[in-house]
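Only one structure is covered here, and it is reproduced in the block below.
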Amino acid sequence: MQKGTPVKNRRDWLADLLCGFLVGALSLLAACFYFRCYSSKALAQPWYTFNDVPLMQAYSKVAAEGDALPWKPRMVTRLNAPFLANWCDFPTPEELIWDFSGLLSNWFGVIAGYNLSILFAHLLAGLSFYLAARLLGSARAPAVFCSVSFSMARYLWVRDTVHINLSYCWHVPLLWVVTSWFWQRRSLSVRSWLAVLALCAVTAWQNPYYWFFWLVMLLPCWAVPLLQKQLRPALGPLFVTAVSTFFVFLGQLDSLLGWISYGKGHPFVRSLNELQLYSLRLPEFFLPQGHRWVRFDEWAYLNYYIPMARDGGEKDSSYMGFLGCAALIYLVAVGLRRLWCRRPVPFAFGMIAWLSAFMVSGGLTMLAGSFGFLLFRCAGRSSIVIQAGLLLFLSLRLTRWATFQGKRIFWLLPLLIFTGWDCIPPYLEDRDEAANYVTNQRATVSFLEEKLPARSMVFQWPMMEYPESFRNRGMWHYEPLMAYLYSKDLRFSYGNCRNRPESQWQYHLADKSPQAMVDELESYGFSALWLYTNGMSPSESSLWRNWNRVPDFRSPNADLWIYLLKPAPRPVLPELEPCRVLSPAFYGEETDDRLGLKWRWVWGRARIDLLLPNPCPYRFRFGLSALGGPRTIEIRLDGKLFRRVLAPAQYGVYRQVEFDLSQLKPGDHRLELIPDGSALPPLKDGRRLTFQYINEALEPLAGP
């Protein structure tokens with residue numbers, strides 16, 4: 001990529017301003033065409049509202065209500081009633097996105113604000129790309145063409161409604177600009193350095209995946225000079241890496257302070273298999289999951305997606321379209337030819353090869369994951385970074401070829417129409433289904449707000465875990481958040497990160513009768529019970545249908561039932577219980593009712609994470625039994641030796657271990673079980689076993 005040419009006079013500024021206006025207009029036009037948004041009425045209607053959409057909208061509403069201020073632990077006051085919802089365990093550092101969409105939600109409402117934020121994602125993508133292309137030396141017409149093409153990337157359409165935080169990738173082209181400057185060892189002015197520092201902050205306070213991808217791009221910019229024993233060229237990229245990392249630390253400071261104050265929970269456990277599931281797959285650059293060319297679409301689906309059995313993962317966001325694929329093929333041809341001739345390869349060729357080697361399925365990301373680095377598991381998201389690099393390379397080549405000079409500039413419009421036809425998905429979610437779903441939720445919320453005083457507590461059942469829970473029969477992912485989205489001041493029981501003491505009490509309601517559940521909820525001060533009948537099994541639903549009480553309200557779709565309660569005048573809080581999370585070394589639970597045993601087989605070194613409330617009048621018990629022969633198992637608590645246990649190797653016989661949790665400080669603790677020797681050979685089912693973890697129990701200590 002070439003160095004940018006400075007703007008010389010006011011006429012140049014005006015020409016760039018007009019081109020930027022054209023890019024923005026065409027980018028918005030494409031987005032409005034896809035979402036059929038040509039009026040304020042269409043803007044106020046939900047475009048899609050299932051899967052992760054309620055979560056994305058909830059982030060905006062939390063910011064709008066002042067519960068997501070920078071550097072303050074994210075405690076949501078209207079969720080997890082009668083406590084607060086602790087969101088520190090599920091870090092969301094995209095402060096710029098949520099604060100901006102929070103403002104839009106305040107001004108235009110939840111739905112219209114979210115839809116506007118989608119349109120802004122496409123607008124910013126086009127404008128930022130145009131700036132990046134001009135900084136690198138592209139002519140205006142090729143920059144306009146490639147900028148609008150970037151704003152119509154399949155990646156954005158697939159991410160828009162479900163993951164708006166990923167659609168805000170407008171800064172990605174600018175990452176290419178700065179990285180190319182460092183690779184060329186260009187001297188930067190003070191103004192340029194200030195712009196780079198601003199880019200560091202912007203990158204750190206948006207989706208952290210793009211920050212990670214930038215660090216991967218910067219790595220060869222400082223590693224190569226260091227290998228060449230040239231320190232000075234390495235200082236710039238090293239400084240930017242350090243500053244960007246510092247800004248990321250600031251972005252995560254709210255979670256860090258929350259862990260210090262409330263202990264660190266463990267809402268989920270990542271696995272190495274997820275790196276494979278969400279990795280970058282190069283064939284998906286060329287093969288769409290849905291295309292207007294029906295024969296092409298059918299061929300890709302039958303010959304790739306069905307054999308790949310891709311029921312999970314993040315589908316259809318890597319397709320680059322015919323334009324991107326042509327640019328990739330041409331870039332590879334140029335790069336290989338220059339390698340053959342022993343000439344320097346284009347910067348885009350080397351960087352894309354490096355990114356692909358790092359992110360591709362089975363690449364360096366998988367290697368890092370095998371050593372436990374699982375945080376950035378969705379390497380497939382790097383496809384938009386690669387596509388930005390390809391389009392910037394194409395823009396510079398079109399400039400060199402003078403492709404759009406003279407009358408050939410009129411080729412811009414048909415080429416952009418073809419790009420839109422190619423990249424804009426042929427499918428659109430059922431708008432009527434989304435509208436009916438929202439109307440059903442809003443009617444229920446309206447009934448509650450009419451009947452209940454402000455700040456009343458509403459209990460939602462059946463319980464759905466937060467975050468990243470599976471769909472519960474007919475209940476959509478994050479459906480309980482819809483009540484929060486469309487209410488003004490009510491408090492709801494859903495929304496606390498799983499495996500925290502403040503929500504453990506809800507699990508004990510599962511086996512209780514409707515009347516017993518209502519009695520307990522009233523003692524805690526709840527004013528209403530919200531029942532999701534679409535999330536219940538037939539047997540669970542029959543308990544409520546046979547109850548001698550009729551719901552006070554049924555939603556228009558008859559799947560949401562409301563029972564108004566009589567909260568106790570002096571409510572009490574539910575008793576807090578300790579939580580524990582088992583590491584992947586534990587297998588699933590097995591039982592022997594004859595001997596009264598419940599156990600899990602364990603392979604190798606195992607870990608149990610405990611989160612203790614204040615106070616914690618509980619004891620933690622479990623038994624240990626070995627396989628094959630007696631084993632010594634070392635037990636460590638927070639890294640310090642607690643005791644060594646000689647586990648017997650006889651079925652039904654075990655050595656019991658007990659912890660008095662009341663003697664430990666409130667917060668998180670780490671318990672490690674370290675057996676001596678190695679595991680036995682694998683069984684026929686592939687499992688490798690070392691010892692048994694038997695009859696685990698958390699028991700209240702006897703009162704005075």
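Starting from 1 in every chain, residues are counted up; chains themselves are A, B, ... following the order of the structure tokens, and ligands are numbered from 1 as listed.
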Quick one: pick out all alpha helix (DSSP H) residues within region 64-219 of chain A from a backbone DSSP run and write them as a ChimeraX atom specification. /A:64,95-108,110-135,140-151,154-159,164-167,172-183,190-204,208-219
Set the distance at 12 Å and use only C-alpha atoms: which residues neighbour Arg471 (chain A) once local chain neighbours fewer than 3 positions away are removed? I'd like the list as a list in words. Phe50, Asn51, Asp52, Met463, Met464, Glu465, Tyr466, Pro467, Glu468, Gly474, Met475, Trp476, His477, Tyr478, Glu479, Pro480, Asn534, Gly535 and Met536 of chain A
Need to verify the contact set: region 212-218 of chain A, 9 Å, only C-alpha atoms, exclusion of same-chain residues closer than 3 positions in sequence. Can you return it as number ranges by chain? A: 172, 175-176, 179, 182-183, 203, 208-209, 221-223, 237-238, 240-241, 244-245, 351, 354-355, 358, 376, 379, 382, 385
Using only C-alpha atoms, please write the residues we just selected to a file, as an mmCIF file, in the first residue's frame.
data_model
loop_
_atom_site.group_PDB
_atom_site.id
_atom_site.type_symbol
_atom_site.label_atom_id
_atom_site.label_comp_id
_atom_site.auth_asym_id
_atom_site.auth_seq_id
_atom_site.Cartn_x
_atom_site.Cartn_y
_atom_site.Cartn_z
ATOM 1 C CA VAL A 172 -11.076 -1.714 10.966
ATOM 2 C CA LEU A 175 -6.211 -0.281 11.564
ATOM 3 C CA TRP A 176 -4.833 -1.238 8.144
ATOM 4 C CA THR A 179 -0.251 -0.946 10.442
ATOM 5 C CA PHE A 182 4.540 1.027 10.724
ATOM 6 C CA TRP A 183 5.485 -1.693 8.236
ATOM 7 C CA THR A 203 -10.482 0.169 19.302
ATOM 8 C CA PRO A 208 -12.414 -6.535 21.878
ATOM 9 C CA TYR A 209 -12.038 -8.999 18.990
ATOM 10 C CA CYS A 221 5.659 -4.810 12.627
ATOM 11 C CA TRP A 222 7.744 -4.922 15.792
ATOM 12 C CA ALA A 223 8.937 -8.545 15.759
ATOM 13 C CA PRO A 237 4.278 -0.526 17.035
ATOM 14 C CA LEU A 238 5.398 -1.662 20.481
ATOM 15 C CA VAL A 240 0.863 1.386 20.203
ATOM 16 C CA THR A 241 0.463 -2.201 21.396
ATOM 17 C CA SER A 244 -3.953 -0.033 23.254
ATOM 18 C CA THR A 245 -3.596 -2.723 25.907
ATOM 19 C CA MET A 351 -0.502 -9.348 6.230
ATOM 20 C CA TRP A 354 -0.201 -13.840 8.402
ATOM 21 C CA LEU A 355 -3.781 -13.267 9.574
ATOM 22 C CA PHE A 358 -3.120 -17.222 12.731
ATOM 23 C CA PHE A 376 -10.715 -15.017 21.669
ATOM 24 C CA ALA A 379 -11.368 -16.421 14.942
ATOM 25 C CA SER A 382 -11.284 -11.870 11.372
ATOM 26 C CA VAL A 385 -10.447 -7.527 8.740
#
Against region 403-418 of chain A, which residues of region 299-386 of chain A fall within 12 Å? For each one I want the closest pair of atoms and the distance in Å (one decimal), counting only C-alpha atoms, rows by chain and increasing residue number, as a Markdown table.
| residue | atom | partner | partner_atom | distance |
| --- | --- | --- | --- | --- |
| A:Gly321 | CA | A:Phe418 | CA | 10.0 |
| A:Phe322 | CA | A:Phe418 | CA | 9.3 |
| A:Leu323 | CA | A:Phe418 | CA | 9.3 |
Can you spit out the residues from that selection as a PDB file, in the first residue's frame, using C-alpha atoms?
ATOM      1  CA  GLY A 321     -18.675 -11.740  -2.698  1.00  0.00           C
ATOM      2  CA  PHE A 322     -17.405 -11.954  -6.255  1.00  0.00           C
ATOM      3  CA  LEU A 323     -15.557  -8.648  -5.893  1.00  0.00           C
TER       4      LEU A 323
END
Which polymer residues have any atom within 10 Å of an atom of region 426-438 of chain A, counting only C-alpha atoms, with same-chain residues fewer than 3 positions away left out, as a ChimeraX atom specification? /A:34-36,45-50,111,289-294,421-423,441-443,482-483,486,556-557
